[in-house]
Amino acid sequence: MALRRVFAITSILFLLVLAISPLKNALRPYRRFQGEYAKLGASRAKSMQAAKAYLQKPVAIHQIWLPEFENRVDRCTTCHLGIQDASMAGAQEPFRLHPGSYHTPKDFNRFGCTACHGGQGLATLEKDAHGLVPDAEAPLMPLKYIESGCGRCHDSEGVSGAATLSLGREIMEQKGCYACHTVKGHEQFRSEAPPIETMALKTGGEALRRWLTNPKTVDPNASMPKFQLSEKEIEELSNYIFSLSPSRQMADRIRAASSEPAGDVAKGKALFAVARCISCHTVEGKGNGTAPELSTVASRATPGWLIAFIRDPHAFNPRTRMPQFNFSEADVRNVVAYMESEFKDFEAPKEILDPIRVNQTLAEKGKTLFRQKGCFACHAPGAEVDRLGPVLDGIGDKRPASLEFGKRTDLPHTLPDWLEAKVQKPGSFQDGLRMPTFALSPKETQAVVTALLSLGAKPVPHAYRSVPSTRPSLIPGGTVGALMDKYRCLSCHQIGDRGGDISTAPLTAEGSKVKQDWLVDYLTLSFTIRPILTDRMPVFQITKEQASQIALAFETFYLDPSIPEDPFLGQNPASNDPAEGKRLYDTLGCRACHILGAGGGYYGPPLSEAGSRLKPGWVFKWLKGPQKWRTDVRCPNYGLTDTDALRLTSYIGTLVKSPKTSKTARGGAR
């Protein structure tokens, strides 16, 4: 009897389960969404037939299966029905059209959704799909960090269309994150921070203490972060740094410079302006900002050190980006005299540059502290770096349960929130952490967190990776290579995949772009090409012989085979028509952006002397497609025929320098 009762109850429960299962499925939210989408689509349809098609769509689970991409299954389009529907532009979620600036509709069947957005692709309930349940494996990425998904596939530092991700990667490079942390692709990173052996001859005890307390208050452009140092630790580090001895040669050089007669302040001021030091430095915030602020430099560095450094900065720091100017010995003394008279902290104590009388006990403790705080990661002169921070590869897929929140009980337990707090205030998690504070702005913090979230644990399949195409980075050896190193051309310009990004003028195809005679004149005395630019090429006082050697190297090595030397060769003679080219110039509205004569706009480079500067082959190829040469250029691609492009090229070739024009009257920057 009891067995029959159990059997009966079990049968009833089984029937209830069978009855509830279809009901539960019928009540799934996606069914309601699909019904609302059908009504919305019908209301927006442009024909009765289209409206009927919306209303007749069956209710079903939609799915994208990507067997080659980690066997990924995405059911996001079960609710997000309008991502490929142009009529849903401006609709509310979950029916909104996906922005076309990221991927076109045809890309969804290749990439799916979770590859970029995160989330649980198999789920059909919002909380499960968006990863809102505790310790979800792959939560939906917050919109502010959405570009982290781009970084999973795109390996290049700068990613077109992903400005936040690109900025984050740039900041991580600038701030030296790779000196302490291992990240794949950056194993060879070496900091540009200077060796500290000459510090005792450069600065004073009080100046050093101020710097160690907070570098940004001394130099707003400082890349060195703020370490949470006590007064005791600052004193120990200061004694250790002052206990170090430079090489005898460096010490003799600085001491000899200290005994030289004072320079002429007025001449130094003029030379400081002519050399365009603010092409890299700032003075009271005005200038480029990629090099130290100079407004108080005379209260941070002794005159002897400044003289010796300006004469040969590479001897002090082989990794410095500062070029070596061809100043005479008197010129350097004059520039330093000007700095001594103007660039001081006039409220600082007189003894700010007085040396420290080293206490060996404190110095020994400072030596240990120098290692413990990781100072050696940036300032060690050797090639090998022992990275003391945790490996960052895979951090973008860390689960919140594996993170240490410490004292931060105020934080939501999510990876993005943890990373944001870690970047902004690393010392707030617990006492004694070695990571310093970088004082990043909210925009910079967002960018760095985006870059960190892009560091996935699993490699993306090769078919989905966007590997940047490599460009040749040929750097000549011998005399020309030594000159390019002396003037640090790659600190600002790019050649192939190497170099800085301060200048808007890459040199990879410079030999196909500019005329050799013009380049010799420009290197001898650089002048304004685009007055609107703030990044101005310094005047190095390059000799005519050196300029000729560099220009010849460009003419020989830095060529693009797709650019013809004579674009008119073999073409219809009617295409070489400057009069028709001028008509096209006026018709296309080129004057709106380019100065020509007394009129024109300032956005593009002036063209008044373009015929003396640019080779016709370069002009022709540029006119046929400006975006091929620079993706960020705003010069329109007018879709010109070869004939019209050649006519414009012919006209621009007539725009040559007037014999009365003097180079010295031009002033400014490239």
# chains A, B, ... in the order shown; residues from 1 in each chain; ligands from 1
call {"tool": "residues_around", "arguments": {"residues": "stretch 81-91 of chain A", "least_positions_apart": "5", "cutoff": "7 Å", "atoms": "only C-alpha atoms", "output": "PyMOL selection string"}}
result
chain A and resi 44+96-98+105
call {"tool": "residues_around", "arguments": {"residues": "stretch 301-306 of chain A", "least_positions_apart": "4", "cutoff": "6 Å", "atoms": "only C-alpha atoms", "output": "list in words"}}
result
Lys202, Thr203, Ile254, Ala257 and Ser258 of chain A
call {"tool": "write_last_selection", "arguments": {"atoms": "N, CA and C atoms", "output": "PDB file, in the first residue's frame"}}
result
ATOM      1  N   LYS A 202      74.644  66.425  -9.983  1.00  0.00           N
ATOM      2  CA  LYS A 202      73.595  67.146 -10.715  1.00  0.00           C
ATOM      3  C   LYS A 202      72.764  68.028  -9.790  1.00  0.00           C
ATOM      4  N   THR A 203      72.361  67.492  -8.667  1.00  0.00           N
ATOM      5  CA  THR A 203      71.366  68.173  -7.852  1.00  0.00           C
ATOM      6  C   THR A 203      71.839  68.266  -6.404  1.00  0.00           C
ATOM      7  N   ILE A 254      82.058  67.230 -15.551  1.00  0.00           N
ATOM      8  CA  ILE A 254      81.121  68.112 -14.846  1.00  0.00           C
ATOM      9  C   ILE A 254      81.878  69.150 -14.015  1.00  0.00           C
ATOM     10  N   ALA A 257      83.294  71.813 -16.258  1.00  0.00           N
ATOM     11  CA  ALA A 257      82.245  72.727 -16.718  1.00  0.00           C
ATOM     12  C   ALA A 257      81.850  73.704 -15.623  1.00  0.00           C
ATOM     13  N   SER A 258      81.908  73.240 -14.365  1.00  0.00           N
ATOM     14  CA  SER A 258      81.532  74.103 -13.243  1.00  0.00           C
ATOM     15  C   SER A 258      82.482  75.282 -13.078  1.00  0.00           C
TER      16      SER A 258
END
call {"tool": "select_by_dssp", "arguments": {"residues": "stretch 105-308 of chain A", "states": "strand (DSSP E or B)", "output": "ChimeraX atom specification"}}
result
/A:118,140,154,226,282-283,286-287,293
call {"tool": "residues_around", "arguments": {"residues": "stretch 504-512 of chain A", "least_positions_apart": "6", "cutoff": "10 Å", "atoms": "only C-alpha atoms", "output": "VMD selection string"}}
result
chain A and resid 471 to 474 489 to 490 492 to 498 519 533 535 551 to 565 614 to 619 629 to 630 670
call {"tool": "residues_around", "arguments": {"residues": "A:Gln546", "least_positions_apart": "3", "cutoff": "10 Å", "atoms": "only C-alpha atoms", "output": "ChimeraX atom specification"}}
result
/A:479-480,483,520,523-524,542-543,549-552
call {"tool": "residues_around", "arguments": {"residues": "A:Leu229", "least_positions_apart": "2", "cutoff": "10 Å", "atoms": "only C-alpha atoms", "output": "list in words"}}
result
Leu212, Thr213, Asn214, Lys226, Phe227, Glu231, Lys232, Glu233, Ile234, Glu235, Leu237, Lys373 and Pro436 of chain A
call {"tool": "write_last_selection", "arguments": {"atoms": "C-alpha atoms", "output": "short mmCIF file (atom, residue, chain, number, x, y, z; two decimals), in the first residue's frame"}}
result
data_model
loop_
_atom_site.label_atom_id
_atom_site.label_comp_id
_atom_site.auth_asym_id
_atom_site.auth_seq_id
_atom_site.Cartn_x
_atom_site.Cartn_y
_atom_site.Cartn_z
CA LEU A 212 61.33 61.68 -4.15
CA THR A 213 58.36 63.03 -2.22
CA ASN A 214 56.35 63.68 -5.39
CA LYS A 226 54.78 58.92 -6.76
CA PHE A 227 56.04 56.26 -4.36
CA GLU A 231 60.51 60.79 5.50
CA LYS A 232 62.84 58.10 6.85
CA GLU A 233 62.79 56.22 3.54
CA ILE A 234 63.38 59.42 1.58
CA GLU A 235 66.43 60.17 3.72
CA LEU A 237 67.33 56.74 -0.54
CA LYS A 373 60.82 49.59 -4.19
CA PRO A 436 53.34 53.60 -6.98
#
call {"tool": "closest_residue", "arguments": {"among": "A:Ala451, A:Ala363, A:Cys177, A:Ala330", "to": "A:Pro225", "atoms": "only C-alpha atoms"}}
result
A:Cys177
call {"tool": "select_by_dssp", "arguments": {"residues": "stretch 361-456 of chain A", "states": "alpha helix (DSSP H)", "output": "MDAnalysis selection string"}}
result
chainID A and resid 361:372 376:379 415:424 442:453
call {"tool": "write_last_selection", "arguments": {"atoms": "N, CA and C atoms", "output": "compact mmCIF listing (two decimals), in the first residue's frame"}}
result
# COMPACT_ATOMS: atom_id res chain seq x y z
N THR A 361 75.47 54.39 7.08
CA THR A 361 74.43 53.51 7.61
C THR A 361 73.12 53.72 6.87
N LEU A 362 72.76 55.01 6.69
CA LEU A 362 71.54 55.32 5.94
C LEU A 362 71.69 54.90 4.48
N ALA A 363 72.87 55.07 3.92
CA ALA A 363 73.10 54.72 2.52
C ALA A 363 72.91 53.22 2.29
N GLU A 364 73.36 52.39 3.25
CA GLU A 364 73.20 50.94 3.12
C GLU A 364 71.71 50.56 3.17
N LYS A 365 70.98 51.21 4.05
CA LYS A 365 69.53 50.96 4.11
C LYS A 365 68.85 51.44 2.83
N GLY A 366 69.35 52.56 2.29
CA GLY A 366 68.79 53.09 1.04
C GLY A 366 69.05 52.16 -0.13
N LYS A 367 70.20 51.49 -0.11
CA LYS A 367 70.52 50.53 -1.18
C LYS A 367 69.51 49.38 -1.18
N THR A 368 69.20 48.88 0.01
CA THR A 368 68.21 47.81 0.12
C THR A 368 66.84 48.31 -0.33
N LEU A 369 66.50 49.52 0.09
CA LEU A 369 65.20 50.10 -0.26
C LEU A 369 65.08 50.32 -1.77
N PHE A 370 66.18 50.72 -2.40
CA PHE A 370 66.21 50.95 -3.85
C PHE A 370 65.79 49.68 -4.59
N ARG A 371 66.20 48.55 -4.06
CA ARG A 371 65.83 47.27 -4.66
C ARG A 371 64.39 46.90 -4.32
N GLN A 372 64.03 47.08 -3.05
CA GLN A 372 62.69 46.68 -2.61
C GLN A 372 61.59 47.46 -3.32
N PHE A 376 65.26 49.94 -9.45
CA PHE A 376 66.23 49.41 -10.41
C PHE A 376 65.57 49.06 -11.74
N ALA A 377 64.26 48.79 -11.74
CA ALA A 377 63.58 48.38 -12.96
C ALA A 377 63.67 49.44 -14.05
N CYS A 378 63.68 50.71 -13.64
CA CYS A 378 63.79 51.80 -14.61
C CYS A 378 65.20 52.39 -14.67
N HIS A 379 65.88 52.43 -13.56
CA HIS A 379 67.16 53.13 -13.50
C HIS A 379 68.38 52.23 -13.61
N LEU A 415 35.85 42.82 -12.00
CA LEU A 415 37.21 43.04 -12.48
C LEU A 415 37.44 44.48 -12.93
N PRO A 416 36.56 45.09 -13.73
CA PRO A 416 36.81 46.48 -14.14
C PRO A 416 36.91 47.44 -12.97
N ASP A 417 36.05 47.28 -11.95
CA ASP A 417 36.10 48.17 -10.79
C ASP A 417 37.40 47.97 -10.01
N TRP A 418 37.85 46.72 -9.90
CA TRP A 418 39.10 46.43 -9.20
C TRP A 418 40.29 47.04 -9.94
N LEU A 419 40.32 46.88 -11.26
CA LEU A 419 41.41 47.43 -12.04
C LEU A 419 41.43 48.96 -11.98
N GLU A 420 40.27 49.58 -12.05
CA GLU A 420 40.20 51.04 -12.00
C GLU A 420 40.75 51.56 -10.68
N ALA A 421 40.36 50.93 -9.58
CA ALA A 421 40.85 51.35 -8.26
C ALA A 421 42.34 51.06 -8.12
N LYS A 422 42.78 49.96 -8.70
CA LYS A 422 44.20 49.59 -8.62
C LYS A 422 45.06 50.59 -9.37
N VAL A 423 44.59 51.06 -10.50
CA VAL A 423 45.34 52.03 -11.30
C VAL A 423 45.33 53.40 -10.64
N GLN A 424 44.19 53.79 -10.08
CA GLN A 424 44.06 55.12 -9.48
C GLN A 424 44.76 55.21 -8.12
N PRO A 442 40.92 60.86 -15.16
CA PRO A 442 39.87 59.85 -15.40
C PRO A 442 39.92 59.27 -16.81
N LYS A 443 40.20 60.11 -17.78
CA LYS A 443 40.29 59.63 -19.17
C LYS A 443 41.46 58.66 -19.33
N GLU A 444 42.59 59.00 -18.74
CA GLU A 444 43.77 58.13 -18.83
C GLU A 444 43.54 56.82 -18.09
N THR A 445 42.87 56.90 -16.93
CA THR A 445 42.57 55.69 -16.17
C THR A 445 41.68 54.75 -16.98
N GLN A 446 40.64 55.31 -17.59
CA GLN A 446 39.76 54.51 -18.43
C GLN A 446 40.54 53.84 -19.56
N ALA A 447 41.47 54.58 -20.14
CA ALA A 447 42.25 54.05 -21.25
C ALA A 447 43.14 52.90 -20.80
N VAL A 448 43.82 53.06 -19.67
CA VAL A 448 44.72 52.01 -19.17
C VAL A 448 43.92 50.76 -18.79
N VAL A 449 42.77 50.93 -18.13
CA VAL A 449 41.95 49.78 -17.76
C VAL A 449 41.46 49.06 -19.03
N THR A 450 41.11 49.82 -20.05
CA THR A 450 40.70 49.22 -21.32
C THR A 450 41.82 48.36 -21.90
N ALA A 451 43.04 48.90 -21.86
CA ALA A 451 44.19 48.15 -22.37
C ALA A 451 44.43 46.88 -21.54
N LEU A 452 44.27 46.96 -20.23
CA LEU A 452 44.48 45.79 -19.37
C LEU A 452 43.41 44.73 -19.61
N LEU A 453 42.17 45.17 -19.80
CA LEU A 453 41.08 44.21 -20.05
C LEU A 453 41.23 43.51 -21.39
call {"tool": "closest_residue", "arguments": {"among": "A:Pro636, A:Glu70, A:Ser223, A:Val358", "to": "A:Leu244", "atoms": "only C-alpha atoms"}}
result
A:Val358
call {"tool": "residues_around", "arguments": {"residues": "A:Lys127", "least_positions_apart": "6", "cutoff": "10 Å", "atoms": "only C-alpha atoms", "output": "list of chain:residue names"}}
result
A:Gly119, A:Gln120, A:Val133, A:Pro134, A:Ala136, A:Pro139, A:Leu140
call {"tool": "closest_residue", "arguments": {"among": "A:Ser454, A:Thr182, A:Thr78, A:Asn576", "to": "A:Ser166", "atoms": "only C-alpha atoms"}}
result
A:Ser454
call {"tool": "closest_residue", "arguments": {"among": "A:Pro318, A:Gly597, A:Gly456, A:Gly100", "to": "A:Gly118", "atoms": "only C-alpha atoms"}}
result
A:Gly456
call {"tool": "residues_around", "arguments": {"residues": "A:Leu525", "least_positions_apart": "3", "cutoff": "7 Å", "atoms": "only C-alpha atoms", "output": "list of chain:residue names"}}
result
A:Asp521, A:Tyr522, A:Val539, A:Gln541
call {"tool": "write_last_selection", "arguments": {"atoms": "N, CA and C atoms", "output": "PDB file, in the first residue's frame"}}
result
ATOM      1  N   ASP A 521      68.547  72.300 -47.635  1.00  0.00           N
ATOM      2  CA  ASP A 521      68.291  73.636 -47.083  1.00  0.00           C
ATOM      3  C   ASP A 521      67.495  73.550 -45.781  1.00  0.00           C
ATOM      4  N   TYR A 522      66.506  72.650 -45.759  1.00  0.00           N
ATOM      5  CA  TYR A 522      65.649  72.537 -44.580  1.00  0.00           C
ATOM      6  C   TYR A 522      66.426  72.021 -43.368  1.00  0.00           C
ATOM      7  N   VAL A 539      66.254  73.622 -34.357  1.00  0.00           N
ATOM      8  CA  VAL A 539      67.366  73.985 -35.236  1.00  0.00           C
ATOM      9  C   VAL A 539      68.634  73.409 -34.625  1.00  0.00           C
ATOM     10  N   GLN A 541      71.632  73.300 -36.020  1.00  0.00           N
ATOM     11  CA  GLN A 541      72.850  73.886 -36.591  1.00  0.00           C
ATOM     12  C   GLN A 541      73.658  72.811 -37.326  1.00  0.00           C
TER      13      GLN A 541
END
call {"tool": "closest_atom_pairs", "arguments": {"of": "stretch 184-255 of chain A", "to": "stretch 144-159 of chain A", "cutoff": "12 Å", "atoms": "only C-alpha atoms", "output": "Markdown table"}}
result
| residue | atom | partner | partner_atom | distance |
| --- | --- | --- | --- | --- |
| A:Lys184 | CA | A:Asp155 | CA | 10.3 |
| A:Gly185 | CA | A:Asp155 | CA | 9.0 |
| A:His186 | CA | A:Glu157 | CA | 10.8 |
call {"tool": "write_last_selection", "arguments": {"atoms": "N, CA and C atoms", "output": "mmCIF file, in the first residue's frame"}}
result
data_model
loop_
_atom_site.group_PDB
_atom_site.id
_atom_site.type_symbol
_atom_site.label_atom_id
_atom_site.label_comp_id
_atom_site.auth_asym_id
_atom_site.auth_seq_id
_atom_site.Cartn_x
_atom_site.Cartn_y
_atom_site.Cartn_z
ATOM 1 N N LYS A 184 53.241 40.066 -22.976
ATOM 2 C CA LYS A 184 53.718 39.473 -24.218
ATOM 3 C C LYS A 184 53.870 40.531 -25.302
ATOM 4 N N GLY A 185 55.013 40.518 -25.965
ATOM 5 C CA GLY A 185 55.303 41.494 -27.004
ATOM 6 C C GLY A 185 56.121 42.668 -26.511
ATOM 7 N N HIS A 186 56.270 42.788 -25.178
ATOM 8 C CA HIS A 186 57.010 43.916 -24.608
ATOM 9 C C HIS A 186 58.172 43.429 -23.731
#
call {"tool": "atom_distance", "arguments": {"atom1": "atom CA of A:Thr437", "atom2": "atom CA of A:Ala207"}}
result
20.4 Å
call {"tool": "decode", "arguments": {"residues": "stretch 494-616 of chain A", "atoms": "C-alpha atoms", "output": "PDB file, in the first residue's frame"}}
result
ATOM      1  CA  GLN A 494      58.943  57.175 -37.642  1.00  0.00           C
ATOM      2  CA  ILE A 495      60.905  55.075 -40.092  1.00  0.00           C
ATOM      3  CA  GLY A 496      58.997  51.929 -40.875  1.00  0.00           C
ATOM      4  CA  ASP A 497      57.883  50.427 -37.578  1.00  0.00           C
ATOM      5  CA  ARG A 498      60.480  52.229 -35.476  1.00  0.00           C
ATOM      6  CA  GLY A 499      60.524  55.672 -33.943  1.00  0.00           C
ATOM      7  CA  GLY A 500      58.414  58.128 -31.985  1.00  0.00           C
ATOM      8  CA  ASP A 501      55.130  59.712 -32.885  1.00  0.00           C
ATOM      9  CA  ILE A 502      55.702  63.344 -31.967  1.00  0.00           C
ATOM     10  CA  SER A 503      56.059  64.427 -35.581  1.00  0.00           C
ATOM     11  CA  THR A 504      53.334  64.112 -38.193  1.00  0.00           C
ATOM     12  CA  ALA A 505      55.986  63.489 -40.858  1.00  0.00           C
ATOM     13  CA  PRO A 506      57.109  59.835 -41.100  1.00  0.00           C
ATOM     14  CA  LEU A 507      60.369  59.432 -43.005  1.00  0.00           C
ATOM     15  CA  THR A 508      59.809  55.978 -44.512  1.00  0.00           C
ATOM     16  CA  ALA A 509      59.178  57.359 -48.018  1.00  0.00           C
ATOM     17  CA  GLU A 510      60.759  60.802 -47.585  1.00  0.00           C
ATOM     18  CA  GLY A 511      63.100  60.261 -50.544  1.00  0.00           C
ATOM     19  CA  SER A 512      60.099  59.823 -52.839  1.00  0.00           C
ATOM     20  CA  LYS A 513      58.360  62.820 -51.303  1.00  0.00           C
ATOM     21  CA  VAL A 514      60.698  65.812 -51.126  1.00  0.00           C
ATOM     22  CA  LYS A 515      63.382  67.174 -53.422  1.00  0.00           C
ATOM     23  CA  GLN A 516      66.957  66.656 -52.309  1.00  0.00           C
ATOM     24  CA  ASP A 517      68.069  70.284 -52.634  1.00  0.00           C
ATOM     25  CA  TRP A 518      65.110  71.456 -50.599  1.00  0.00           C
ATOM     26  CA  LEU A 519      65.835  68.891 -47.880  1.00  0.00           C
ATOM     27  CA  VAL A 520      69.459  70.047 -47.588  1.00  0.00           C
ATOM     28  CA  ASP A 521      68.291  73.636 -47.083  1.00  0.00           C
ATOM     29  CA  TYR A 522      65.649  72.537 -44.580  1.00  0.00           C
ATOM     30  CA  LEU A 523      68.038  70.473 -42.463  1.00  0.00           C
ATOM     31  CA  THR A 524      70.558  73.305 -42.442  1.00  0.00           C
ATOM     32  CA  LEU A 525      67.922  75.709 -41.134  1.00  0.00           C
ATOM     33  CA  SER A 526      64.475  74.249 -40.501  1.00  0.00           C
ATOM     34  CA  PHE A 527      61.585  76.597 -41.141  1.00  0.00           C
ATOM     35  CA  THR A 528      57.810  76.713 -40.969  1.00  0.00           C
ATOM     36  CA  ILE A 529      55.834  74.520 -43.311  1.00  0.00           C
ATOM     37  CA  ARG A 530      52.659  74.341 -41.226  1.00  0.00           C
ATOM     38  CA  PRO A 531      52.349  77.318 -38.842  1.00  0.00           C
ATOM     39  CA  ILE A 532      49.362  75.711 -37.117  1.00  0.00           C
ATOM     40  CA  LEU A 533      51.490  72.893 -35.681  1.00  0.00           C
ATOM     41  CA  THR A 534      52.770  73.125 -32.119  1.00  0.00           C
ATOM     42  CA  ASP A 535      55.439  70.444 -32.652  1.00  0.00           C
ATOM     43  CA  ARG A 536      58.298  72.374 -34.207  1.00  0.00           C
ATOM     44  CA  MET A 537      61.516  70.837 -35.434  1.00  0.00           C
ATOM     45  CA  PRO A 538      64.507  72.225 -33.498  1.00  0.00           C
ATOM     46  CA  VAL A 539      67.366  73.985 -35.236  1.00  0.00           C
ATOM     47  CA  PHE A 540      70.347  71.686 -34.718  1.00  0.00           C
ATOM     48  CA  GLN A 541      72.850  73.886 -36.591  1.00  0.00           C
ATOM     49  CA  ILE A 542      73.574  70.958 -38.913  1.00  0.00           C
ATOM     50  CA  THR A 543      76.419  71.695 -41.302  1.00  0.00           C
ATOM     51  CA  LYS A 544      75.822  71.736 -45.053  1.00  0.00           C
ATOM     52  CA  GLU A 545      78.004  68.643 -45.448  1.00  0.00           C
ATOM     53  CA  GLN A 546      76.034  66.705 -42.817  1.00  0.00           C
ATOM     54  CA  ALA A 547      72.718  67.811 -44.311  1.00  0.00           C
ATOM     55  CA  SER A 548      73.852  66.668 -47.752  1.00  0.00           C
ATOM     56  CA  GLN A 549      74.840  63.247 -46.400  1.00  0.00           C
ATOM     57  CA  ILE A 550      71.457  62.767 -44.698  1.00  0.00           C
ATOM     58  CA  ALA A 551      69.527  64.002 -47.745  1.00  0.00           C
ATOM     59  CA  LEU A 552      71.444  61.654 -50.035  1.00  0.00           C
ATOM     60  CA  ALA A 553      70.642  58.741 -47.722  1.00  0.00           C
ATOM     61  CA  PHE A 554      66.957  59.594 -47.902  1.00  0.00           C
ATOM     62  CA  GLU A 555      67.171  59.826 -51.681  1.00  0.00           C
ATOM     63  CA  THR A 556      68.829  56.398 -51.734  1.00  0.00           C
ATOM     64  CA  PHE A 557      67.115  54.362 -49.017  1.00  0.00           C
ATOM     65  CA  TYR A 558      63.778  55.919 -48.139  1.00  0.00           C
ATOM     66  CA  LEU A 559      61.821  55.385 -51.328  1.00  0.00           C
ATOM     67  CA  ASP A 560      58.441  53.924 -52.132  1.00  0.00           C
ATOM     68  CA  PRO A 561      58.534  51.881 -55.346  1.00  0.00           C
ATOM     69  CA  SER A 562      54.869  52.676 -56.030  1.00  0.00           C
ATOM     70  CA  ILE A 563      55.684  56.391 -56.415  1.00  0.00           C
ATOM     71  CA  PRO A 564      56.923  57.244 -59.929  1.00  0.00           C
ATOM     72  CA  GLU A 565      59.810  59.653 -60.374  1.00  0.00           C
ATOM     73  CA  ASP A 566      58.024  61.207 -63.398  1.00  0.00           C
ATOM     74  CA  PRO A 567      54.259  60.594 -63.305  1.00  0.00           C
ATOM     75  CA  PHE A 568      53.783  62.281 -66.697  1.00  0.00           C
ATOM     76  CA  LEU A 569      55.945  59.722 -68.497  1.00  0.00           C
ATOM     77  CA  GLY A 570      53.855  57.789 -71.025  1.00  0.00           C
ATOM     78  CA  GLN A 571      50.697  59.780 -70.247  1.00  0.00           C
ATOM     79  CA  ASN A 572      48.536  61.883 -72.519  1.00  0.00           C
ATOM     80  CA  PRO A 573      50.417  65.187 -73.079  1.00  0.00           C
ATOM     81  CA  ALA A 574      47.143  67.009 -72.364  1.00  0.00           C
ATOM     82  CA  SER A 575      47.407  65.907 -68.735  1.00  0.00           C
ATOM     83  CA  ASN A 576      50.426  68.192 -68.210  1.00  0.00           C
ATOM     84  CA  ASP A 577      48.235  71.288 -68.151  1.00  0.00           C
ATOM     85  CA  PRO A 578      48.854  73.669 -65.203  1.00  0.00           C
ATOM     86  CA  ALA A 579      46.104  76.053 -66.320  1.00  0.00           C
ATOM     87  CA  GLU A 580      43.502  73.289 -66.159  1.00  0.00           C
ATOM     88  CA  GLY A 581      45.064  72.198 -62.862  1.00  0.00           C
ATOM     89  CA  LYS A 582      44.485  75.668 -61.402  1.00  0.00           C
ATOM     90  CA  ARG A 583      40.860  75.507 -62.472  1.00  0.00           C
ATOM     91  CA  LEU A 584      40.508  72.175 -60.666  1.00  0.00           C
ATOM     92  CA  TYR A 585      42.243  73.631 -57.592  1.00  0.00           C
ATOM     93  CA  ASP A 586      39.655  76.413 -57.433  1.00  0.00           C
ATOM     94  CA  THR A 587      36.718  74.145 -58.250  1.00  0.00           C
ATOM     95  CA  LEU A 588      37.530  71.542 -55.598  1.00  0.00           C
ATOM     96  CA  GLY A 589      37.869  74.172 -52.889  1.00  0.00           C
ATOM     97  CA  CYS A 590      41.500  73.393 -51.987  1.00  0.00           C
ATOM     98  CA  ARG A 591      41.936  77.012 -50.903  1.00  0.00           C
ATOM     99  CA  ALA A 592      39.681  76.363 -47.893  1.00  0.00           C
ATOM    100  CA  CYS A 593      42.479  74.390 -46.194  1.00  0.00           C
ATOM    101  CA  HIS A 594      45.705  75.475 -47.923  1.00  0.00           C
ATOM    102  CA  ILE A 595      47.412  78.858 -47.960  1.00  0.00           C
ATOM    103  CA  LEU A 596      48.385  79.966 -51.423  1.00  0.00           C
ATOM    104  CA  GLY A 597      49.856  83.422 -51.763  1.00  0.00           C
ATOM    105  CA  ALA A 598      47.986  85.868 -49.544  1.00  0.00           C
ATOM    106  CA  GLY A 599      44.863  83.758 -49.025  1.00  0.00           C
ATOM    107  CA  GLY A 600      43.627  80.349 -47.983  1.00  0.00           C
ATOM    108  CA  GLY A 601      43.023  78.265 -44.881  1.00  0.00           C
ATOM    109  CA  TYR A 602      45.448  77.123 -42.209  1.00  0.00           C
ATOM    110  CA  TYR A 603      44.415  73.521 -41.656  1.00  0.00           C
ATOM    111  CA  GLY A 604      46.521  71.951 -44.387  1.00  0.00           C
ATOM    112  CA  PRO A 605      50.155  72.730 -45.225  1.00  0.00           C
ATOM    113  CA  PRO A 606      50.758  75.948 -47.219  1.00  0.00           C
ATOM    114  CA  LEU A 607      51.306  75.350 -50.927  1.00  0.00           C
ATOM    115  CA  SER A 608      52.924  78.655 -51.932  1.00  0.00           C
ATOM    116  CA  GLU A 609      56.295  76.936 -52.471  1.00  0.00           C
ATOM    117  CA  ALA A 610      55.128  73.328 -52.819  1.00  0.00           C
ATOM    118  CA  GLY A 611      56.713  73.012 -56.253  1.00  0.00           C
ATOM    119  CA  SER A 612      60.146  73.669 -54.757  1.00  0.00           C
ATOM    120  CA  ARG A 613      59.584  71.097 -52.030  1.00  0.00           C
ATOM    121  CA  LEU A 614      57.510  68.173 -53.285  1.00  0.00           C
ATOM    122  CA  LYS A 615      58.287  65.703 -56.027  1.00  0.00           C
ATOM    123  CA  PRO A 616      55.568  65.410 -58.690  1.00  0.00           C
TER     124      PRO A 616
END
